[in-house]
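**Q** Enclosed is the structure file target-v4.cif (mmCIF, C-alpha atoms and all ligand atoms).
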data_protein
#
loop_
_atom_site.label_atom_id
_atom_site.label_comp_id
_atom_site.auth_asym_id
_atom_site.auth_seq_id
_atom_site.Cartn_x
_atom_site.Cartn_y
_atom_site.Cartn_z
CA MET T 1 4.58 85.55 29.87
CA SER T 2 2.41 85.14 32.92
CA GLU T 3 -1.31 84.43 32.60
CA LEU T 4 -4.28 83.38 34.72
CA ARG T 5 -6.05 80.18 33.69
CA GLN T 6 -9.36 78.86 35.01
CA ASP T 7 -9.65 75.12 35.65
CA PRO T 8 -12.77 73.90 33.81
CA LEU T 9 -13.57 71.24 36.45
CA SER T 10 -13.41 73.35 39.62
CA GLY T 11 -13.64 76.90 38.31
CA ARG T 12 -10.58 77.76 40.42
CA TRP T 13 -7.97 80.10 38.99
CA PHE T 14 -4.26 79.37 38.82
CA VAL T 15 -1.32 81.49 37.75
CA LEU T 16 0.90 80.21 34.96
CA ALA T 17 4.29 81.93 35.20
CA ALA T 18 6.43 79.94 32.81
CA GLU T 19 8.88 82.74 32.10
CA ARG T 20 11.94 80.59 32.28
CA ALA T 21 11.73 77.36 30.32
CA ARG T 22 12.39 74.73 32.96
CA ARG T 23 13.48 71.32 31.83
CA PRO T 24 12.20 68.32 33.82
CA GLU T 25 15.75 67.67 35.12
CA ALA T 26 15.53 70.92 37.11
CA PHE T 27 13.11 69.12 39.42
CA HIS T 28 15.11 65.91 40.03
CA ARG T 29 15.82 65.02 43.68
CA PRO T 30 18.42 62.92 45.49
CA ALA T 31 17.82 59.16 45.86
CA ARG T 32 14.98 58.24 48.22
CA GLN T 33 15.22 56.82 51.71
CA TRP T 34 12.84 54.00 52.69
CA THR T 35 11.85 52.86 56.16
CA ALA T 36 13.42 49.50 57.05
CA ALA T 37 11.39 46.45 56.01
CA GLY T 38 11.82 44.67 59.36
CA ASP T 39 10.03 47.41 61.32
CA CYS T 40 7.38 47.98 58.69
CA PRO T 41 3.78 47.30 59.81
CA PHE T 42 2.72 46.67 56.21
CA CYS T 43 5.27 43.92 55.48
CA PRO T 44 4.31 40.21 55.49
CA GLY T 45 4.88 38.76 58.97
CA ASN T 46 3.81 41.97 60.73
CA GLU T 47 0.07 41.60 60.09
CA THR T 48 -0.73 41.72 63.82
CA MET T 49 0.43 45.35 63.83
CA THR T 50 -2.60 46.23 61.66
CA THR T 51 -5.83 44.82 63.11
CA ASN T 52 -9.53 44.76 62.11
CA GLU T 53 -8.78 44.05 58.45
CA VAL T 54 -11.76 44.97 56.24
CA LEU T 55 -10.59 43.37 52.97
CA ARG T 56 -8.00 40.80 51.92
CA TYR T 57 -7.18 39.24 48.55
CA GLU T 58 -5.06 36.11 48.82
CA ASP T 59 -3.91 33.17 46.77
CA GLY T 60 -4.46 29.48 47.49
CA ASP T 61 -1.48 29.34 49.87
CA GLY T 62 -3.02 31.92 52.18
CA ASN T 63 -0.53 34.57 51.06
CA TRP T 64 -2.27 37.92 50.74
CA HIS T 65 -1.79 40.22 47.76
CA VAL T 66 -3.74 43.28 48.93
CA ARG T 67 -5.15 44.19 52.36
CA ILE T 68 -7.33 47.04 53.58
CA VAL T 69 -7.12 47.95 57.27
CA PRO T 70 -8.38 50.94 59.28
CA ASN T 71 -5.92 53.80 59.70
CA LYS T 72 -5.15 53.57 63.40
CA TYR T 73 -4.25 57.26 63.60
CA ALA T 74 -7.64 58.43 62.34
CA ASP T 75 -10.38 58.55 64.93
CA MET T 76 -13.64 59.18 63.11
CA ALA T 77 -17.17 59.12 64.48
CA ASP T 78 -20.03 56.94 63.20
CA PRO T 79 -21.53 58.71 60.14
CA ALA T 80 -25.00 57.47 61.14
CA GLY T 81 -24.59 59.24 64.49
CA ASP T 82 -24.60 62.87 65.47
CA THR T 83 -22.87 65.10 62.90
CA VAL T 84 -24.75 68.27 63.83
CA GLU T 85 -22.79 71.51 64.00
CA ARG T 86 -22.22 72.85 67.47
CA GLY T 87 -21.36 76.24 68.86
CA GLU T 88 -22.44 79.68 67.83
CA ARG T 89 -21.08 82.38 65.60
CA LEU T 90 -17.37 82.37 66.41
CA PHE T 91 -16.60 78.83 67.50
CA ARG T 92 -18.54 76.33 65.44
CA SER T 93 -17.57 72.67 65.14
CA LYS T 94 -18.93 69.27 64.21
CA PRO T 95 -17.69 65.71 64.67
CA SER T 96 -15.47 64.27 61.95
CA ALA T 97 -17.46 61.21 60.92
CA GLY T 98 -16.70 58.45 58.45
CA PHE T 99 -14.00 55.92 57.68
CA ALA T 100 -10.26 56.12 57.05
CA ASP T 101 -8.82 53.02 55.41
CA VAL T 102 -5.29 52.11 54.45
CA LEU T 103 -4.85 49.95 51.35
CA ILE T 104 -1.64 47.91 51.54
CA GLU T 105 -0.80 47.48 47.88
CA SER T 106 1.76 44.74 47.89
CA ARG T 107 3.75 42.21 49.92
CA GLN T 108 6.83 43.90 48.50
CA HIS T 109 8.25 46.68 50.66
CA ASP T 110 10.03 48.57 47.91
CA VAL T 111 8.09 48.83 44.67
CA THR T 112 6.68 51.84 42.88
CA PHE T 113 3.14 51.89 41.50
CA ALA T 114 4.45 51.85 37.93
CA ASN T 115 6.51 48.75 38.72
CA HIS T 116 3.70 46.63 40.17
CA PRO T 117 3.03 43.68 37.82
CA PRO T 118 -0.07 44.70 35.79
CA ARG T 119 -2.08 41.94 37.49
CA GLN T 120 -1.22 43.41 40.90
CA ALA T 121 -2.15 46.95 39.80
CA THR T 122 -5.50 45.52 38.66
CA ARG T 123 -6.03 43.86 42.07
CA ILE T 124 -5.36 47.20 43.76
CA VAL T 125 -8.02 48.89 41.62
CA GLN T 126 -10.42 46.01 42.32
CA ALA T 127 -9.87 46.44 46.07
CA ILE T 128 -10.61 50.18 45.75
CA GLN T 129 -13.79 49.37 43.83
CA GLU T 130 -14.97 46.71 46.28
CA ARG T 131 -14.44 48.99 49.27
CA TYR T 132 -15.99 51.92 47.39
CA GLN T 133 -19.14 49.89 46.77
CA ALA T 134 -19.38 48.83 50.42
CA LEU T 135 -18.92 52.40 51.67
CA ARG T 136 -21.40 53.81 49.16
CA ASP T 137 -24.22 51.92 50.90
CA ILE T 138 -23.47 53.40 54.31
CA PRO T 139 -25.87 56.26 55.13
CA GLY T 140 -24.53 59.62 56.21
CA LEU T 141 -21.47 59.83 53.95
CA ALA T 142 -20.93 62.79 51.61
CA VAL T 143 -17.70 61.72 49.93
CA ILE T 144 -15.58 58.65 49.25
CA MET T 145 -12.13 59.61 48.07
CA PRO T 146 -9.42 57.05 47.27
CA PHE T 147 -6.01 58.68 47.31
CA ARG T 148 -2.33 57.91 47.48
CA ASN T 149 0.65 59.72 48.96
CA TYR T 150 3.99 58.58 47.63
CA LEU T 151 7.22 59.51 49.43
CA GLN T 152 7.55 61.72 52.49
CA GLU T 153 7.43 65.06 50.67
CA SER T 154 3.92 64.14 49.52
CA GLY T 155 2.72 63.33 53.03
CA ALA T 156 3.44 59.57 53.11
CA SER T 157 4.66 58.35 56.51
CA LEU T 158 5.79 54.89 55.39
CA GLY T 159 7.79 53.72 52.40
CA HIS T 160 5.81 50.50 51.88
CA PRO T 161 3.49 51.10 48.89
CA HIS T 162 0.04 51.96 50.13
CA GLY T 163 -3.02 54.01 49.30
CA GLN T 164 -5.88 55.30 51.41
CA ILE T 165 -9.63 55.57 51.11
CA LEU T 166 -11.28 58.32 53.09
CA ALA T 167 -15.06 58.44 53.47
CA SER T 168 -16.46 61.47 55.24
CA SER T 169 -19.84 62.92 56.12
CA HIS T 170 -18.40 66.36 55.34
CA LEU T 171 -18.32 67.44 51.69
CA PRO T 172 -14.83 68.91 51.16
CA PRO T 173 -14.55 72.26 49.33
CA VAL T 174 -12.65 71.12 46.22
CA LEU T 175 -15.17 68.40 45.44
CA GLU T 176 -18.02 70.80 46.23
CA LEU T 177 -16.56 73.27 43.71
CA GLU T 178 -16.37 70.62 41.02
CA ALA T 179 -19.86 69.26 41.75
CA THR T 180 -21.28 72.79 41.58
CA ARG T 181 -19.62 73.31 38.18
CA PHE T 182 -21.00 70.01 36.86
CA ALA T 183 -24.50 70.93 38.06
CA ALA T 184 -24.39 74.46 36.64
CA LEU T 185 -23.25 73.65 33.11
CA GLU T 186 -25.31 72.08 30.34
CA GLY T 187 -24.37 68.57 29.23
CA CYS T 188 -21.48 66.80 30.93
CA LEU T 189 -18.41 68.86 31.72
CA GLY T 190 -16.21 65.73 31.74
CA CYS T 191 -17.43 64.48 28.36
CA ASP T 192 -17.07 67.96 26.86
CA LEU T 193 -13.55 68.29 28.26
CA ALA T 194 -12.51 64.89 26.89
CA ALA T 195 -13.83 65.83 23.45
CA ALA T 196 -12.20 69.27 23.51
CA GLU T 197 -8.77 68.00 24.66
CA ALA T 198 -8.61 64.95 22.36
CA ASP T 199 -5.73 65.20 19.87
CA GLY T 200 -4.72 68.54 21.39
CA PRO T 201 -1.38 69.79 22.75
CA ARG T 202 -2.10 68.75 26.35
CA VAL T 203 -2.67 65.03 25.66
CA ILE T 204 0.20 63.09 27.25
CA SER T 205 -1.03 59.66 26.20
CA GLU T 206 -4.11 57.57 25.60
CA VAL T 207 -4.51 54.22 27.32
CA GLY T 208 -7.64 52.38 26.23
CA ASP T 209 -10.60 54.61 27.08
CA TYR T 210 -8.48 56.97 29.19
CA LEU T 211 -7.07 60.33 28.21
CA ILE T 212 -3.98 61.26 30.19
CA LEU T 213 -3.75 65.04 30.14
CA ALA T 214 -1.74 67.96 31.40
CA PRO T 215 -4.70 70.04 32.67
CA TYR T 216 -5.24 73.39 30.91
CA ALA T 217 -5.03 75.27 34.23
CA SER T 218 -2.52 73.04 36.02
CA ARG T 219 -2.02 74.38 39.54
CA SER T 220 1.52 73.03 39.68
CA ALA T 221 4.24 71.76 37.35
CA PHE T 222 3.65 68.41 35.61
CA GLU T 223 0.21 67.87 37.11
CA ILE T 224 -1.75 65.08 35.37
CA LEU T 225 -5.48 64.49 34.88
CA ILE T 226 -6.66 60.97 34.03
CA LEU T 227 -9.99 61.47 32.31
CA PRO T 228 -12.08 58.47 31.24
CA ARG T 229 -13.86 59.01 27.94
CA ARG T 230 -16.70 56.84 29.20
CA CYS T 231 -19.11 58.84 31.35
CA ALA T 232 -19.73 57.47 34.85
CA PRO T 233 -20.23 59.20 38.21
CA ASP T 234 -17.69 57.04 40.04
CA PRO T 235 -15.11 54.32 39.31
CA ALA T 236 -16.99 51.55 41.15
CA GLY T 237 -18.11 49.74 37.99
CA VAL T 238 -15.32 50.44 35.50
CA ASP T 239 -12.99 47.80 34.03
CA PRO T 240 -10.26 47.58 36.71
CA GLU T 241 -7.59 46.40 34.29
CA ALA T 242 -8.06 49.41 32.01
CA PHE T 243 -7.91 51.99 34.81
CA ALA T 244 -4.92 50.23 36.38
CA ALA T 245 -3.11 50.46 33.03
CA ALA T 246 -3.85 54.19 32.77
CA LEU T 247 -2.59 54.78 36.33
CA GLN T 248 0.58 52.82 35.66
CA ASP T 249 1.18 54.77 32.47
CA ALA T 250 0.86 58.11 34.27
CA TYR T 251 3.06 57.08 37.23
CA GLY T 252 5.63 55.56 34.88
CA ARG T 253 5.99 58.80 32.90
CA LEU T 254 6.43 60.85 36.08
CA ASN T 255 9.07 58.37 37.29
CA ARG T 256 11.05 58.48 34.09
CA VAL T 257 10.84 62.19 33.32
CA LEU T 258 11.12 63.55 36.86
CA ALA T 259 13.30 60.86 38.48
CA ASP T 260 10.71 59.22 40.77
CA PRO T 261 9.14 62.33 42.32
CA PRO T 262 6.98 62.46 45.47
CA THR T 263 3.44 62.34 44.09
CA ASN T 264 -0.12 62.72 45.33
CA MET T 265 -2.98 61.00 43.52
CA TRP T 266 -6.67 61.32 44.27
CA ILE T 267 -9.90 60.19 42.65
CA HIS T 268 -12.87 62.54 42.39
CA SER T 269 -16.31 61.03 42.07
CA ARG T 270 -19.88 62.19 42.60
CA PRO T 271 -20.70 63.42 46.11
CA LEU T 272 -23.16 61.26 48.07
CA PRO T 273 -26.09 60.90 48.21
CA SER T 274 -26.75 62.48 44.87
CA ALA T 275 -28.19 61.78 41.47
CA SER T 276 -26.63 64.84 39.89
CA ARG T 277 -24.29 64.74 36.91
CA PHE T 278 -20.64 63.98 37.55
CA HIS T 279 -17.84 62.44 35.52
CA TRP T 280 -15.24 60.73 37.70
CA HIS T 281 -11.52 61.28 37.11
CA ALA T 282 -8.14 61.04 38.84
CA HIS T 283 -5.62 63.81 39.57
CA LEU T 284 -1.89 63.16 39.96
CA MET T 285 0.31 65.91 41.35
CA PRO T 286 4.07 65.51 41.63
CA ARG T 287 5.30 67.62 44.55
CA LEU T 288 8.15 69.52 42.96
CA THR T 289 7.82 72.97 44.47
CA VAL T 290 6.73 74.37 47.83
CA GLU T 291 3.84 76.83 48.05
CA GLY T 292 5.08 80.23 49.17
CA ALA T 293 3.46 83.12 50.97
CA TRP T 294 1.72 84.42 47.86
CA GLU T 295 0.07 81.05 47.19
CA LEU T 296 -0.94 80.58 50.82
CA GLY T 297 -2.05 84.15 51.35
CA SER T 298 -3.91 84.59 48.08
CA GLY T 299 -5.20 81.09 47.38
CA LEU T 300 -3.89 81.59 43.85
CA ALA T 301 -1.41 78.86 42.97
CA VAL T 302 1.48 79.72 40.66
CA ASN T 303 2.64 77.11 38.17
CA VAL T 304 6.06 77.59 36.55
CA VAL T 305 5.80 75.02 33.72
CA ALA T 306 3.28 75.49 30.92
CA PRO T 307 0.97 72.43 30.67
CA GLU T 308 1.65 72.21 26.94
CA GLN T 309 5.38 72.00 27.67
CA ALA T 310 4.81 69.48 30.48
CA ALA T 311 2.70 67.35 28.12
CA ALA T 312 5.45 67.35 25.52
CA ALA T 313 8.06 66.24 28.08
CA LEU T 314 5.79 63.52 29.51
CA GLN T 315 4.82 62.25 26.04
CA ALA T 316 8.46 61.50 25.42
CA GLY T 317 8.90 59.84 28.84
ZN ZN R 1 7.03 47.07 54.36
ZN ZN R 2 -19.43 62.71 31.20
ZN ZN R 3 -11.32 66.69 40.17
#
Output the file's structure as C-alpha cells, nothing else.

**A**
Amino acid sequence: MSELRQDPLSGRWFVLAAERARRPEAFHRPARQWTAAGDCPFCPGNETMTTNEVLRYEDGDGNWHVRIVPNKYADMADPAGDTVERGERLFRSKPSAGFADVLIESRQHDVTFANHPPRQATRIVQAIQERYQALRDIPGLAVIMPFRNYLQESGASLGHPHGQILASSHLPPVLELEATRFAALEGCLGCDLAAAEADGPRVISEVGDYLILAPYASRSAFEILILPRRCAPDPAGVDPEAFAAALQDAYGRLNRVLADPPTNMWIHSRPLPSASRFHWHAHLMPRLTVEGAWELGSGLAVNVVAPEQAAAALQAG
C-alpha cells in the first residue's frame, strides 16, 4: 500500500510505495571500477598536484594520514566581501561565497570508509572537527556542511577515499527547512525524535550514544539517519572516536547488505550565525534508484522500500 509520510526534521513529504517486497539483493550492482593509483592526485607522492593544504595530520616520519586541501574546481568568493543580490525581478544573482575543501581520508587508494582502521576513522572525524571550528569563526558564512560522495553514481569523481567540507554564505533550502522546523516546535525536535524512535522498529543499531535509524519518512530505499542522543548544535565538540564508530557501523551495514553501494553522506548542523535550537545529525543515502519525471516534476520523492523493512535488513547486516 502506498502512503505519504512527513519527515519530522524537514517537514518535507515523501511517498512510500513499497507494494512489491524488494529484497536488498535486488539493488546489488556489478563490481566497481577505480581510477588508477598512479594518476591519482590524492595518492602519496602526488602531493604537488593538490596545493595550498589547509590541514595535515602526520606521524613522526613525516608521512601524512589525513590532508585537507582546497577543491581546485570550486571558485568561491570571499564570504567577508560582497554577497549582495544583483539584478531585478527576472534575473537575480549573487556571488557564491565561502570555502570548498577536499578531505583526503587515507594514504590508501582503495579502502572503503567501513574498512578504515578505527584509529584512522577517528582522525578523519577529528580533521572535520578542526576545520569546522576554524570555519565557524569566519564571518559571513551561513552553513558548514561536511559531506562525502562515494563511487561515481553518487557524484564522486575520484576513487581515492575522500570527503568534502563546503562552507557557504548562502543558506541552502534543505537546511533552512530543518532549522525552521526546529525553531517552530517546542523543546528539541532531535531529542524528541531520539526518544520516540528508541527501541522501535526503525532502529538499525545503537553505537555508544548514537542511534542509527531508518528514517520514518525515508525519501529513498535504505536511507540512514545517524542521530546522537546527546543534544548539540554541531559536531565540533563531540567525542570523535564515538562518532567515527557510528559512521563505520552505518557504512559497514550498507556495504554488507547492499554490496558496496554508491552512497552520499552529509552532516546537518545549526546554520550560522545563530543561537537557535538545533540538534546535529548525519544522513546517509545509498544511491540505488534514479529519480524519474514524477519525482523531478513534483518534488515528491517515491521510496519503494518501507523503512521498517530496510531497518530489519540492515540490523541483520
Ligand atoms: Zn589515490
Ligand atoms: Zn536535542
Ligand atoms: Zn538533516

**Q** Give as a list in words the residues surrounding ligand ZN 3 (chain R) up to a distance of 10 Å, considering all atoms listed in the file.

**A**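 Answer in the requested format: Asp7, Pro8, Leu9, Ser10, Val174, Leu175, Glu176, Leu177, Glu178, Ala179, Gly190, Leu225, Ile226, Leu227, Trp266, Ile267, His268, Ser269, Arg270, His279, Trp280, His281, Ala282 and His283 of chain T.
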
**Q** Given a cut-off of 12 Å, what residues near ligand ZN 1 (chain R) show up using only C-alpha atoms and all ligand atoms, put as a list of chain:residue names?

**A** T:Trp34, T:Thr35, T:Ala36, T:Ala37, T:Gly38, T:Asp39, T:Cys40, T:Pro41, T:Phe42, T:Cys43, T:Pro44, T:Gly45, T:Asn46, T:Glu47, T:Met49, T:Ile104, T:Glu105, T:Ser106, T:Arg107, T:Gln108, T:His109, T:Asp110, T:Val111, T:Ser157, T:Leu158, T:Gly159, T:His160, T:Pro161, T:His162

**Q** Sorted by chain and rising residue number, which residues of chain T lie within 7 Å of ligand ZN 2 (chain R), and what are their closest atom pairs and distances in Å to one decimal, counting all atoms listed in the file, as a Markdown table?

**A**
| residue | atom | partner | partner_atom | distance |
| --- | --- | --- | --- | --- |
| T:Cys188 | CA | R:ZN2 | ZN | 4.6 |
| T:Leu189 | CA | R:ZN2 | ZN | 6.3 |
| T:Gly190 | CA | R:ZN2 | ZN | 4.4 |
| T:Cys191 | CA | R:ZN2 | ZN | 3.9 |
| T:Arg230 | CA | R:ZN2 | ZN | 6.8 |
| T:Cys231 | CA | R:ZN2 | ZN | 3.9 |
| T:Ala232 | CA | R:ZN2 | ZN | 6.4 |
| T:Phe278 | CA | R:ZN2 | ZN | 6.6 |
| T:His279 | CA | R:ZN2 | ZN | 4.6 |

**Q** Need to verify the contact set: range 82-99 of chain T, 12 Å, all atoms listed in the file, exclusion of same-chain residues closer than 4 positions in sequence. Can you return it as a PyMOL selection string?

**A** chain T and resi 54+68-78+131-132+134-136+138-146+164-172

**Q** Excluding range 117-122 of chain T and its own-chain neighbours fewer than 3 positions away, which residues fall within 9 Å of it when counting all atoms listed in the file? Please give them as a PyMOL selection string.

**A** chain T and resi 65-66+105-106+113-114+125-127+240-245+247-248

**Q** Residues as selected, C-alpha atoms, written as an mmCIF file, keeping the file's coordinate frame, can you do that?

**A**
data_model
loop_
_atom_site.group_PDB
_atom_site.id
_atom_site.type_symbol
_atom_site.label_atom_id
_atom_site.label_comp_id
_atom_site.auth_asym_id
_atom_site.auth_seq_id
_atom_site.Cartn_x
_atom_site.Cartn_y
_atom_site.Cartn_z
ATOM 1 C CA HIS T 65 -1.790 40.220 47.760
ATOM 2 C CA VAL T 66 -3.740 43.280 48.930
ATOM 3 C CA GLU T 105 -0.800 47.480 47.880
ATOM 4 C CA SER T 106 1.760 44.740 47.890
ATOM 5 C CA PHE T 113 3.140 51.890 41.500
ATOM 6 C CA ALA T 114 4.450 51.850 37.930
ATOM 7 C CA VAL T 125 -8.020 48.890 41.620
ATOM 8 C CA GLN T 126 -10.420 46.010 42.320
ATOM 9 C CA ALA T 127 -9.870 46.440 46.070
ATOM 10 C CA PRO T 240 -10.260 47.580 36.710
ATOM 11 C CA GLU T 241 -7.590 46.400 34.290
ATOM 12 C CA ALA T 242 -8.060 49.410 32.010
ATOM 13 C CA PHE T 243 -7.910 51.990 34.810
ATOM 14 C CA ALA T 244 -4.920 50.230 36.380
ATOM 15 C CA ALA T 245 -3.110 50.460 33.030
ATOM 16 C CA LEU T 247 -2.590 54.780 36.330
ATOM 17 C CA GLN T 248 0.580 52.820 35.660
#

**Q** Do a neighbour search on Ala198 in chain T at 12 Å with all atoms listed in the file, toss out local chain neighbours closer than 3 positions, and write the hits as a PyMOL selection string.

**A** chain T and resi 191-195+201-206+209-214+227-229

**Q** Could you give me, as CSV, a per-residue list for range 6-118 of chain T showing, wherever an atom lies at most 8 Å from an atom of range 306-317 of chain T, the closest pair of atoms and their distance in Å to one decimal, using all atoms listed in the file and sorting by chain then residue number from low to high?

**A**
residue,atom,partner,partner_atom,distance
T:Leu16,CA,T:Ala306,CA,6.7
T:Ala17,CA,T:Ala306,CA,7.8
T:Ala18,CA,T:Ala306,CA,5.8
T:Pro24,CA,T:Ala313,CA,7.4

**Q** Give me, please, the distance in Å between CA of Glu197 in chain T and CA of Ser218 in chain T, quoted to one decimal.

**A** 13.9 Å
